[in-house]
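Chemist: Take a look at the following structure, please.
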Amino acid sequence: MHPALRNLEVICTISSYTQHESLPALASACRAFERPALNALWRDLPSVEPLIKCLPSDLFTINSLRNTVLQKPVDGKMWDTLCKYTSRVHSITQSDDSITQSDDSMVESLSLLMLSCPSALAASKLFPNLVKLTWNSKGSPDAADFLLLSRGPLVSWDLVSLPPGPEFDALPSPPSQVIEQVMHLQALHFLSLNFKRSSTWDAKSLFLLPGFHDLYHLDLSIDTLKNASNFLSSLQVVRSKKITISFTYVQALSPTPLSQLFAVIQERCDNVELESFAFCGPFMLRTQADVFTPLHACRNLTWLLLDEGCEISMSDKELCKLVRAWPKLQVLKISHYVNMDRTTVPTFHGLISLLQLCPALTLLALVIDTTKRKGIDLKCPGGGSCNENLETLVLGNSPIKSPLNVALILSGLFPRLEKVNLECWDTDLMNALDKKKSAMRSWASVNSFLSGFSVIKDRCIGA
């Protein structure tokens, strides 16, 4: 054997790049490759089926009530075989793309095994290295038992809740009970909950759930603001650094439910801990800047991201009032498109004040009126203030008259900015604009000027 193949790091690297279907052959090639190849083979499971298939086929049967039944006790040899593989599992994905009755039976079988686990072997130690679990709550009611028993160092959990139907309604364990089991996972850091087309949170819960005490990211996919408010208000506490709320289809959001949601976030979330809040997905929202007032309690906010479709009416002073509470902001994405006939937008003066209040900004998406530049010195537009951290600038359908003057101001405010990001012009909202082509030509000219300024700066530095 080549000396390099005696190096464990080399063997592990080879195993990690081996095609999945070839790993069993690699594991049986020689003793040196057995453990690394098996580790790679069992590390990430697409379902729990491989675990059941490594046990005798006659271990389980289906009774007349169509329930899975354990036919005989699991002996020590079977436990050793199971533990040999479960100890290698780092992630299990039981997704909704391929969930079947057979998959439900597999989950039920594994749950029965774990419930019959001998006292000398704690069920929670069957998966000592499991850190990520992606689950479909449509499955067997034993899924909750599996979750509770398999908990260990889990840090990531994706819970998918399918649309209500006969099978879903018949489950003895409603989603709230499954979620309550998730709350017992002390090491959980990432949680993704999908309640799309689900009626689970149409009404407020009659009792409070414990909540989450040490999350890094809570990702919630849901249909309405009301559902989101009902879910969050059902929790005693949400201690998470990041909260993302995604909508699954285009909807019109109104200011009142949004304000109520922010009030719930202020009440239930750890205001010191929360650093990032994002709204994602297609939606339409017309509101005022003061709707965000409850979020001012989150003084450590570094991300505030609202996807396309948000139309916020605010003056320069209102923009400053909005961001004054968040001096650590790095990402501010609050508008791509506004109807200029009915919406007040900030000017360059508001933008300059924004840079002074939030000097750490690296991404900014904001519609401003670039035609109003009275009092702006083109040679020193920020009066000495500038931002050298900004990497991405999105100005959406900001009105523009003089591309050269706009480029001069932007290059003075953002010395390292290479171009204005124009990707938002490919959206449906922008396609509906009457003067889209002429506006895009103007912004393309701004980028040409910025590119030319950059070349001149580089030559001056080189000289």
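Labels for the structure tokens follow display order: chains A, B, ..., residues from 1 in each chain, ligands from 1.
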Please provide as a VMD selection string all residues within 10 Å of stretch 284-301 of chain A, with the sequence filter that same-chain residues fewer than 4 positions apart are discarded (counting only C-alpha atoms).

Modeler: chain A and resid 241 to 242 250 to 267 269 to 277 306 to 315 318 to 319 321 to 331 338 to 339 343 to 344

Chemist: Sort by chain and increasing residue number a table of all residues of stretch 392-438 of chain A within 7 Å of stretch 366-378 of chain A, each with its closest pair of atoms and their distance in Å to one decimal, counting only C-alpha atoms, and write it as a Markdown table.

Modeler:
```
| residue | atom | partner | partner_atom | distance |
| --- | --- | --- | --- | --- |
| A:Val394 | CA | A:Leu366 | CA | 6.3 |
| A:Leu395 | CA | A:Val367 | CA | 4.9 |
| A:Gly396 | CA | A:Val367 | CA | 5.6 |
| A:Asn397 | CA | A:Val367 | CA | 6.5 |
| A:Ser398 | CA | A:Val367 | CA | 5.0 |
| A:Pro399 | CA | A:Asp369 | CA | 5.5 |
| A:Ile400 | CA | A:Thr370 | CA | 5.5 |
| A:Lys401 | CA | A:Thr371 | CA | 6.0 |
| A:Val406 | CA | A:Thr370 | CA | 6.8 |
| A:Leu408 | CA | A:Leu378 | CA | 6.2 |
| A:Ile409 | CA | A:Leu378 | CA | 5.8 |
```

Chemist: Could you tell me which of A:Cys386, A:Leu218, A:Cys320, A:Ala37 comes closest to A:Thr18 if we count only C-alpha atoms?

Modeler: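 Checking each of A:Cys386, A:Leu218, A:Cys320, A:Ala37 against A:Thr18, counting only C-alpha atoms, the winner is A:Ala37.
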
Chemist: Mind listing the strand (DSSP E or B) residues of stretch 177-410 of chain A, per DSSP on the backbone, as a PyMOL selection string?

Modeler: chain A and resi 190-194+209+212-222+235+238-247+251-253+269+276-280+283-288+303-306+310-313+331-333+347+363-365+369+392-394

Chemist: Write out as a list in words which residues come within 9 Å of A:Thr61 when counting only C-alpha atoms, dropping same-chain ones fewer than 5 positions away.

Modeler: Asn67, Thr68, Val69, Leu70 and Gln71 of chain A

Chemist: Name the residues in contact with A:Phe414 at a cut-off of 9 Å, using only C-alpha atoms, excluding same-chain residues fewer than 4 positions from it; report them as a ChimeraX atom specification.

Modeler: /A:386-391,409-410,418

Chemist: What's the 10 Å shell around stretch 13-15 of chain A, counting only C-alpha atoms, without same-chain residues fewer than 5 positions away, as a PDB file with N, CA, C and O atoms, in the first residue's frame?

Modeler:
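Okay, this is what ended up in around-v3.pdb:
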```pdb
ATOM      1  N   LEU A   5      -1.686   6.289   1.609  1.00  0.00           N
ATOM      2  CA  LEU A   5      -2.949   5.664   1.984  1.00  0.00           C
ATOM      3  C   LEU A   5      -2.960   5.202   3.425  1.00  0.00           C
ATOM      4  O   LEU A   5      -3.955   4.644   3.896  1.00  0.00           O
ATOM      5  N   LEU A   8      -4.662   8.998   7.576  1.00  0.00           N
ATOM      6  CA  LEU A   8      -6.111   9.034   7.776  1.00  0.00           C
ATOM      7  C   LEU A   8      -6.757  10.224   7.084  1.00  0.00           C
ATOM      8  O   LEU A   8      -7.850  10.120   6.520  1.00  0.00           O
ATOM      9  N   HIS A  20     -21.446   8.292  -4.078  1.00  0.00           N
ATOM     10  CA  HIS A  20     -22.158   7.648  -2.977  1.00  0.00           C
ATOM     11  C   HIS A  20     -22.379   6.159  -3.219  1.00  0.00           C
ATOM     12  O   HIS A  20     -22.204   5.330  -2.310  1.00  0.00           O
ATOM     13  N   SER A  22     -20.583   4.153  -4.743  1.00  0.00           N
ATOM     14  CA  SER A  22     -19.323   3.391  -4.722  1.00  0.00           C
ATOM     15  C   SER A  22     -18.742   3.254  -3.314  1.00  0.00           C
ATOM     16  O   SER A  22     -17.768   2.526  -3.115  1.00  0.00           O
ATOM     17  N   LEU A  23     -19.337   3.942  -2.345  1.00  0.00           N
ATOM     18  CA  LEU A  23     -18.792   3.917  -0.985  1.00  0.00           C
ATOM     19  C   LEU A  23     -18.848   2.531  -0.325  1.00  0.00           C
ATOM     20  O   LEU A  23     -17.907   2.153   0.376  1.00  0.00           O
ATOM     21  N   LEU A  26     -15.911   0.696  -1.521  1.00  0.00           N
ATOM     22  CA  LEU A  26     -14.687   1.264  -0.957  1.00  0.00           C
ATOM     23  C   LEU A  26     -14.510   0.823   0.493  1.00  0.00           C
ATOM     24  O   LEU A  26     -13.398   0.513   0.932  1.00  0.00           O
ATOM     25  N   ALA A  27     -15.609   0.759   1.242  1.00  0.00           N
ATOM     26  CA  ALA A  27     -15.546   0.355   2.654  1.00  0.00           C
ATOM     27  C   ALA A  27     -15.098  -1.089   2.809  1.00  0.00           C
ATOM     28  O   ALA A  27     -14.442  -1.447   3.802  1.00  0.00           O
ATOM     29  N   PHE A  33      -9.836   1.663   4.751  1.00  0.00           N
ATOM     30  CA  PHE A  33     -10.881   2.492   4.159  1.00  0.00           C
ATOM     31  C   PHE A  33     -12.248   2.280   4.803  1.00  0.00           C
ATOM     32  O   PHE A  33     -13.170   3.052   4.552  1.00  0.00           O
ATOM     33  N   GLU A  34     -12.389   1.244   5.619  1.00  0.00           N
ATOM     34  CA  GLU A  34     -13.708   0.884   6.117  1.00  0.00           C
ATOM     35  C   GLU A  34     -14.369   2.022   6.895  1.00  0.00           C
ATOM     36  O   GLU A  34     -15.482   2.466   6.563  1.00  0.00           O
ATOM     37  N   ARG A  35     -13.745   2.518   7.937  1.00  0.00           N
ATOM     38  CA  ARG A  35     -14.375   3.537   8.781  1.00  0.00           C
ATOM     39  C   ARG A  35     -14.607   4.853   8.030  1.00  0.00           C
ATOM     40  O   ARG A  35     -15.717   5.403   8.071  1.00  0.00           O
ATOM     41  N   PRO A  36     -13.593   5.404   7.328  1.00  0.00           N
ATOM     42  CA  PRO A  36     -13.840   6.659   6.605  1.00  0.00           C
ATOM     43  C   PRO A  36     -14.935   6.535   5.544  1.00  0.00           C
ATOM     44  O   PRO A  36     -15.752   7.444   5.370  1.00  0.00           O
ATOM     45  N   ALA A  37     -14.967   5.384   4.830  1.00  0.00           N
ATOM     46  CA  ALA A  37     -15.975   5.205   3.784  1.00  0.00           C
ATOM     47  C   ALA A  37     -17.370   5.068   4.382  1.00  0.00           C
ATOM     48  O   ALA A  37     -18.348   5.624   3.864  1.00  0.00           O
ATOM     49  N   LEU A  38     -17.487   4.329   5.490  1.00  0.00           N
ATOM     50  CA  LEU A  38     -18.782   4.192   6.155  1.00  0.00           C
ATOM     51  C   LEU A  38     -19.243   5.526   6.732  1.00  0.00           C
ATOM     52  O   LEU A  38     -20.435   5.853   6.705  1.00  0.00           O
ATOM     53  N   ASN A  39     -18.314   6.310   7.254  1.00  0.00           N
ATOM     54  CA  ASN A  39     -18.667   7.643   7.768  1.00  0.00           C
ATOM     55  C   ASN A  39     -19.266   8.508   6.665  1.00  0.00           C
ATOM     56  O   ASN A  39     -20.258   9.209   6.867  1.00  0.00           O
ATOM     57  N   ALA A  40     -18.649   8.455   5.477  1.00  0.00           N
ATOM     58  CA  ALA A  40     -19.151   9.238   4.350  1.00  0.00           C
ATOM     59  C   ALA A  40     -20.481   8.699   3.845  1.00  0.00           C
ATOM     60  O   ALA A  40     -21.374   9.457   3.455  1.00  0.00           O
ATOM     61  N   LEU A  41     -20.638   7.373   3.863  1.00  0.00           N
ATOM     62  CA  LEU A  41     -21.855   6.742   3.365  1.00  0.00           C
ATOM     63  C   LEU A  41     -23.075   7.079   4.212  1.00  0.00           C
ATOM     64  O   LEU A  41     -24.162   7.325   3.698  1.00  0.00           O
TER      65      LEU A  41
END
```

Chemist: Work out how far apart atom CA of A:Phe453 and atom CA of A:Lys436 are and give it in Å to one decimal.

Modeler: 25.8 Å
